[in-house]
Amino acid sequence: MIIKVDEDIELKQLSRSDSRDIFKTIDSQRVYLGKWLPFIEFTNVLADTEKFVDSVVNAPDSRFEYIFTIRKRKEFVGLIGFKDTDRSNKKTEIGYWISEHFQKQGIVTKSVAKLCDFAFNTLHMNRIQIKCAVENIQSKKIPQRLGFAFEGTERQGELLTGNVFADLSIYSKLKSDG
């Protein structure tokens, strides 16, 4: 499945063939990505990324999550997708990361907006949330730009690299928010 974001950007459903692009980006940007993404520390060889991709692609229906590569003019720039989806309560969370070289171009903001549309109108979700480390200002700007409501802070909600807990800002959007 491919979701067209604009004339240059598309979201392509994750496949095994994406493993090399994902790992190459992680491996070349460990310091930058590792600041906010704890899994970077444990992604040391291509096989680690392949294992993650396989777990997504081969997940049973009951645990399936839509995960997409973000591509700009066909070039891999990051990942975006749903996590912890609760189908019975029609809610999900969106997570994302992007290569340092593609920051501040509006790519993730546009991609999150498109994914929200997909969640509300295709998957019939009622609630979407985004969690960002309180100190990750760039990431927090995305739900703020898109009209998500700030709900509060989850104290020490994520264990980051270096065994440091980060507080998380929690944002949500409801289908009725428009």
# chains A, B, ... in the order shown; residues from 1 in each chain; ligands from 1
call {"tool": "residues_around", "arguments": {"residues": "Ala113 (chain A)", "least_positions_apart": "5", "cutoff": "9 Å", "atoms": "only C-alpha atoms", "output": "list in words"}}
result
Val5, Val108, Phe118 and Leu146 of chain A
call {"tool": "select_by_dssp", "arguments": {"residues": "chain A", "states": "alpha helix (DSSP H)", "output": "ChimeraX atom specification"}}
result
/A:19-28,30-34,46-57,107-121,137-145
call {"tool": "write_last_selection", "arguments": {"atoms": "N, CA and C atoms", "output": "short mmCIF file (atom, residue, chain, number, x, y, z; two decimals), in the first residue's frame"}}
result
data_model
loop_
_atom_site.label_atom_id
_atom_site.label_comp_id
_atom_site.auth_asym_id
_atom_site.auth_seq_id
_atom_site.Cartn_x
_atom_site.Cartn_y
_atom_site.Cartn_z
N SER A 19 14.68 -2.95 4.62
CA SER A 19 15.59 -3.14 5.74
C SER A 19 16.94 -2.45 5.54
N ARG A 20 17.51 -2.58 4.37
CA ARG A 20 18.84 -2.01 4.13
C ARG A 20 18.81 -0.48 4.23
N ASP A 21 17.81 0.17 3.65
CA ASP A 21 17.70 1.64 3.72
C ASP A 21 17.55 2.10 5.17
N ILE A 22 16.71 1.40 5.92
CA ILE A 22 16.48 1.76 7.32
C ILE A 22 17.78 1.63 8.11
N PHE A 23 18.43 0.48 7.97
CA PHE A 23 19.66 0.25 8.73
C PHE A 23 20.75 1.25 8.34
N LYS A 24 20.90 1.50 7.06
CA LYS A 24 21.92 2.43 6.58
C LYS A 24 21.73 3.82 7.22
N THR A 25 20.49 4.27 7.29
CA THR A 25 20.20 5.57 7.90
C THR A 25 20.51 5.55 9.39
N ILE A 26 20.06 4.50 10.08
CA ILE A 26 20.34 4.38 11.51
C ILE A 26 21.84 4.34 11.77
N ASP A 27 22.54 3.52 11.00
CA ASP A 27 23.97 3.31 11.23
C ASP A 27 24.78 4.58 10.97
N SER A 28 24.34 5.40 10.04
CA SER A 28 25.09 6.62 9.71
C SER A 28 24.70 7.81 10.58
N ARG A 30 23.73 7.54 14.19
CA ARG A 30 23.51 6.98 15.53
C ARG A 30 23.40 8.03 16.62
N VAL A 31 24.26 9.02 16.61
CA VAL A 31 24.24 10.03 17.66
C VAL A 31 22.96 10.86 17.55
N TYR A 32 22.66 11.32 16.34
CA TYR A 32 21.47 12.15 16.13
C TYR A 32 20.18 11.39 16.48
N LEU A 33 20.00 10.21 15.90
CA LEU A 33 18.77 9.44 16.12
C LEU A 33 18.72 8.85 17.52
N GLY A 34 19.86 8.45 18.04
CA GLY A 34 19.91 7.78 19.33
C GLY A 34 19.54 8.66 20.51
N LEU A 46 22.64 -5.19 10.24
CA LEU A 46 21.49 -5.27 9.35
C LEU A 46 20.46 -6.29 9.83
N ALA A 47 20.93 -7.40 10.36
CA ALA A 47 20.02 -8.46 10.84
C ALA A 47 19.08 -7.95 11.93
N ASP A 48 19.52 -6.99 12.74
CA ASP A 48 18.64 -6.41 13.76
C ASP A 48 17.46 -5.69 13.12
N THR A 49 17.73 -4.94 12.07
CA THR A 49 16.67 -4.24 11.35
C THR A 49 15.77 -5.23 10.63
N GLU A 50 16.37 -6.25 10.03
CA GLU A 50 15.57 -7.28 9.34
C GLU A 50 14.62 -7.97 10.32
N LYS A 51 15.10 -8.22 11.52
CA LYS A 51 14.27 -8.86 12.54
C LYS A 51 13.07 -7.97 12.88
N PHE A 52 13.31 -6.66 13.05
CA PHE A 52 12.22 -5.71 13.32
C PHE A 52 11.22 -5.71 12.15
N VAL A 53 11.73 -5.57 10.95
CA VAL A 53 10.84 -5.52 9.77
C VAL A 53 10.03 -6.81 9.65
N ASP A 54 10.69 -7.95 9.85
CA ASP A 54 9.98 -9.23 9.81
C ASP A 54 8.86 -9.28 10.86
N SER A 55 9.13 -8.74 12.05
CA SER A 55 8.11 -8.76 13.10
C SER A 55 6.89 -7.92 12.71
N VAL A 56 7.09 -6.88 11.93
CA VAL A 56 5.98 -6.05 11.46
C VAL A 56 5.26 -6.74 10.31
N VAL A 57 6.03 -7.16 9.33
CA VAL A 57 5.45 -7.75 8.11
C VAL A 57 4.74 -9.07 8.40
N ILE A 107 8.08 17.45 6.16
CA ILE A 107 7.80 16.09 5.68
C ILE A 107 7.00 15.30 6.72
N VAL A 108 7.44 15.33 7.97
CA VAL A 108 6.76 14.55 9.00
C VAL A 108 5.39 15.15 9.31
N THR A 109 5.30 16.45 9.37
CA THR A 109 4.01 17.09 9.64
C THR A 109 2.98 16.69 8.58
N LYS A 110 3.36 16.77 7.31
CA LYS A 110 2.45 16.37 6.22
C LYS A 110 2.12 14.88 6.31
N SER A 111 3.12 14.07 6.65
CA SER A 111 2.91 12.62 6.73
C SER A 111 1.99 12.25 7.88
N VAL A 112 2.15 12.91 9.04
CA VAL A 112 1.26 12.65 10.17
C VAL A 112 -0.17 13.06 9.82
N ALA A 113 -0.33 14.19 9.15
CA ALA A 113 -1.67 14.64 8.75
C ALA A 113 -2.33 13.59 7.85
N LYS A 114 -1.58 13.05 6.91
CA LYS A 114 -2.13 12.03 6.00
C LYS A 114 -2.46 10.75 6.75
N LEU A 115 -1.61 10.38 7.70
CA LEU A 115 -1.85 9.17 8.49
C LEU A 115 -3.07 9.34 9.40
N CYS A 116 -3.29 10.54 9.90
CA CYS A 116 -4.49 10.81 10.69
C CYS A 116 -5.74 10.61 9.84
N ASP A 117 -5.69 11.13 8.63
CA ASP A 117 -6.82 10.95 7.71
C ASP A 117 -7.07 9.46 7.46
N PHE A 118 -6.02 8.71 7.25
CA PHE A 118 -6.12 7.26 7.03
C PHE A 118 -6.72 6.58 8.26
N ALA A 119 -6.25 6.96 9.45
CA ALA A 119 -6.74 6.35 10.69
C ALA A 119 -8.22 6.64 10.91
N PHE A 120 -8.61 7.88 10.73
CA PHE A 120 -10.00 8.27 10.99
C PHE A 120 -10.96 7.76 9.91
N ASN A 121 -10.56 7.87 8.66
CA ASN A 121 -11.51 7.60 7.57
C ASN A 121 -11.43 6.21 6.96
N ILE A 137 11.85 19.22 21.32
CA ILE A 137 11.05 20.35 20.84
C ILE A 137 10.60 20.15 19.39
N GLN A 138 11.49 19.69 18.52
CA GLN A 138 11.13 19.50 17.11
C GLN A 138 9.97 18.51 16.95
N SER A 139 10.02 17.42 17.69
CA SER A 139 8.97 16.41 17.59
C SER A 139 7.65 16.94 18.14
N LYS A 140 7.70 17.70 19.22
CA LYS A 140 6.49 18.24 19.84
C LYS A 140 5.78 19.26 18.92
N LYS A 141 6.53 19.92 18.05
CA LYS A 141 5.93 20.91 17.16
C LYS A 141 4.94 20.27 16.18
N ILE A 142 5.14 18.99 15.88
CA ILE A 142 4.29 18.32 14.88
C ILE A 142 2.84 18.21 15.37
N PRO A 143 2.56 17.59 16.52
CA PRO A 143 1.16 17.55 16.96
C PRO A 143 0.60 18.94 17.26
N GLN A 144 1.46 19.85 17.71
CA GLN A 144 1.00 21.21 17.97
C GLN A 144 0.53 21.88 16.69
N ARG A 145 1.30 21.74 15.60
CA ARG A 145 0.92 22.33 14.30
C ARG A 145 -0.39 21.74 13.77
#
call {"tool": "residues_around", "arguments": {"residues": "Ser99 (chain A)", "least_positions_apart": "4", "cutoff": "7 Å", "atoms": "only C-alpha atoms", "output": "list in words"}}
result
Thr25, Val77, Gly78 and Gln103 of chain A
call {"tool": "select_by_dssp", "arguments": {"residues": "region 38-137 of chain A", "states": "strand (DSSP E)", "output": "ChimeraX atom specification"}}
result
/A:67-72,75-86,91-98,127-133
call {"tool": "write_last_selection", "arguments": {"atoms": "N, CA and C atoms", "output": "compact mmCIF listing (two decimals), in the first residue's frame"}}
result
# COMPACT_ATOMS: atom_id res chain seq x y z
N ILE A 67 2.83 0.21 9.36
CA ILE A 67 4.09 0.94 9.46
C ILE A 67 4.51 1.26 8.03
N PHE A 68 4.95 2.49 7.81
CA PHE A 68 5.31 2.95 6.47
C PHE A 68 6.70 3.56 6.45
N THR A 69 7.39 3.38 5.34
CA THR A 69 8.58 4.19 5.10
C THR A 69 8.08 5.53 4.57
N ILE A 70 8.80 6.58 4.92
CA ILE A 70 8.53 7.89 4.34
C ILE A 70 9.56 8.06 3.24
N ARG A 71 9.08 8.37 2.05
CA ARG A 71 9.98 8.53 0.91
C ARG A 71 9.74 9.87 0.24
N LYS A 72 10.84 10.55 -0.04
CA LYS A 72 10.79 11.81 -0.78
C LYS A 72 11.46 11.56 -2.12
N GLU A 75 13.31 8.37 -2.35
CA GLU A 75 14.42 8.15 -1.43
C GLU A 75 13.90 7.96 -0.01
N PHE A 76 14.43 6.97 0.69
CA PHE A 76 14.04 6.72 2.08
C PHE A 76 14.47 7.89 2.95
N VAL A 77 13.53 8.41 3.77
CA VAL A 77 13.88 9.50 4.68
C VAL A 77 13.48 9.21 6.13
N GLY A 78 12.63 8.21 6.37
CA GLY A 78 12.24 7.90 7.74
C GLY A 78 11.14 6.86 7.81
N LEU A 79 10.64 6.67 9.03
CA LEU A 79 9.55 5.72 9.29
C LEU A 79 8.42 6.44 10.02
N ILE A 80 7.21 5.97 9.78
CA ILE A 80 6.03 6.47 10.47
C ILE A 80 5.02 5.34 10.55
N GLY A 81 4.26 5.30 11.61
CA GLY A 81 3.24 4.27 11.68
C GLY A 81 2.51 4.28 13.00
N PHE A 82 1.64 3.30 13.12
CA PHE A 82 0.81 3.16 14.31
C PHE A 82 1.47 2.20 15.29
N LYS A 83 1.16 2.41 16.57
CA LYS A 83 1.62 1.47 17.59
C LYS A 83 0.58 1.40 18.69
N ASP A 84 0.56 0.28 19.36
CA ASP A 84 -0.36 0.07 20.48
C ASP A 84 -1.82 0.35 20.10
N THR A 85 -2.19 -0.05 18.91
CA THR A 85 -3.56 0.15 18.46
C THR A 85 -4.52 -0.70 19.28
N ASP A 86 -5.58 -0.07 19.74
CA ASP A 86 -6.64 -0.72 20.52
C ASP A 86 -7.90 -0.66 19.65
N LYS A 91 -8.71 3.37 19.09
CA LYS A 91 -7.67 4.36 19.33
C LYS A 91 -6.31 3.79 18.98
N THR A 92 -5.39 4.70 18.64
CA THR A 92 -4.05 4.30 18.25
C THR A 92 -3.07 5.41 18.57
N GLU A 93 -1.80 5.10 18.44
CA GLU A 93 -0.74 6.08 18.63
C GLU A 93 0.09 6.13 17.36
N ILE A 94 0.57 7.32 17.01
CA ILE A 94 1.45 7.47 15.86
C ILE A 94 2.87 7.73 16.37
N GLY A 95 3.81 6.99 15.81
CA GLY A 95 5.23 7.21 16.08
C GLY A 95 5.94 7.52 14.77
N TYR A 96 7.02 8.26 14.84
CA TYR A 96 7.75 8.65 13.63
C TYR A 96 9.18 9.00 13.95
N TRP A 97 10.03 8.89 12.94
CA TRP A 97 11.39 9.44 13.00
C TRP A 97 11.83 9.74 11.57
N ILE A 98 12.75 10.68 11.46
CA ILE A 98 13.20 11.11 10.14
C ILE A 98 14.70 11.36 10.16
N ARG A 127 -9.65 8.03 18.14
CA ARG A 127 -8.64 8.79 18.88
C ARG A 127 -7.25 8.41 18.40
N ILE A 128 -6.41 9.44 18.23
CA ILE A 128 -5.00 9.24 17.89
C ILE A 128 -4.19 10.00 18.92
N GLN A 129 -3.14 9.37 19.40
CA GLN A 129 -2.26 10.10 20.30
C GLN A 129 -0.83 10.06 19.78
N ILE A 130 -0.09 11.06 20.21
CA ILE A 130 1.34 11.16 19.91
C ILE A 130 2.03 11.47 21.22
N LYS A 131 3.10 10.72 21.50
CA LYS A 131 3.91 10.97 22.69
C LYS A 131 5.29 11.41 22.24
N CYS A 132 5.79 12.48 22.85
CA CYS A 132 7.12 13.00 22.53
C CYS A 132 7.85 13.31 23.82
N ALA A 133 9.14 13.08 23.85
CA ALA A 133 9.93 13.48 25.01
C ALA A 133 9.74 14.98 25.22
call {"tool": "atom_distance", "arguments": {"atom1": "CA of Arg87 (chain A)", "atom2": "CA of Asp61 (chain A)"}}
result
11.4 Å
call {"tool": "atom_distance", "arguments": {"atom1": "CA of Asn136 (chain A)", "atom2": "CA of Trp36 (chain A)"}}
result
7.5 Å
call {"tool": "closest_residue", "arguments": {"among": "A:Leu14, A:Ile40, A:Met1, A:Ile9", "to": "Thr161 (chain A)", "atoms": "only C-alpha atoms"}}
result
A:Ile40
call {"tool": "closest_residue", "arguments": {"among": "A:Lys4, A:Lys35, A:Lys175, A:Arg16", "to": "Leu123 (chain A)", "atoms": "only C-alpha atoms"}}
result
A:Lys175
call {"tool": "residues_around", "arguments": {"residues": "Glu151 (chain A)", "least_positions_apart": "6", "cutoff": "9 Å", "atoms": "only C-alpha atoms", "output": "PyMOL selection string"}}
result
chain A and resi 169-172
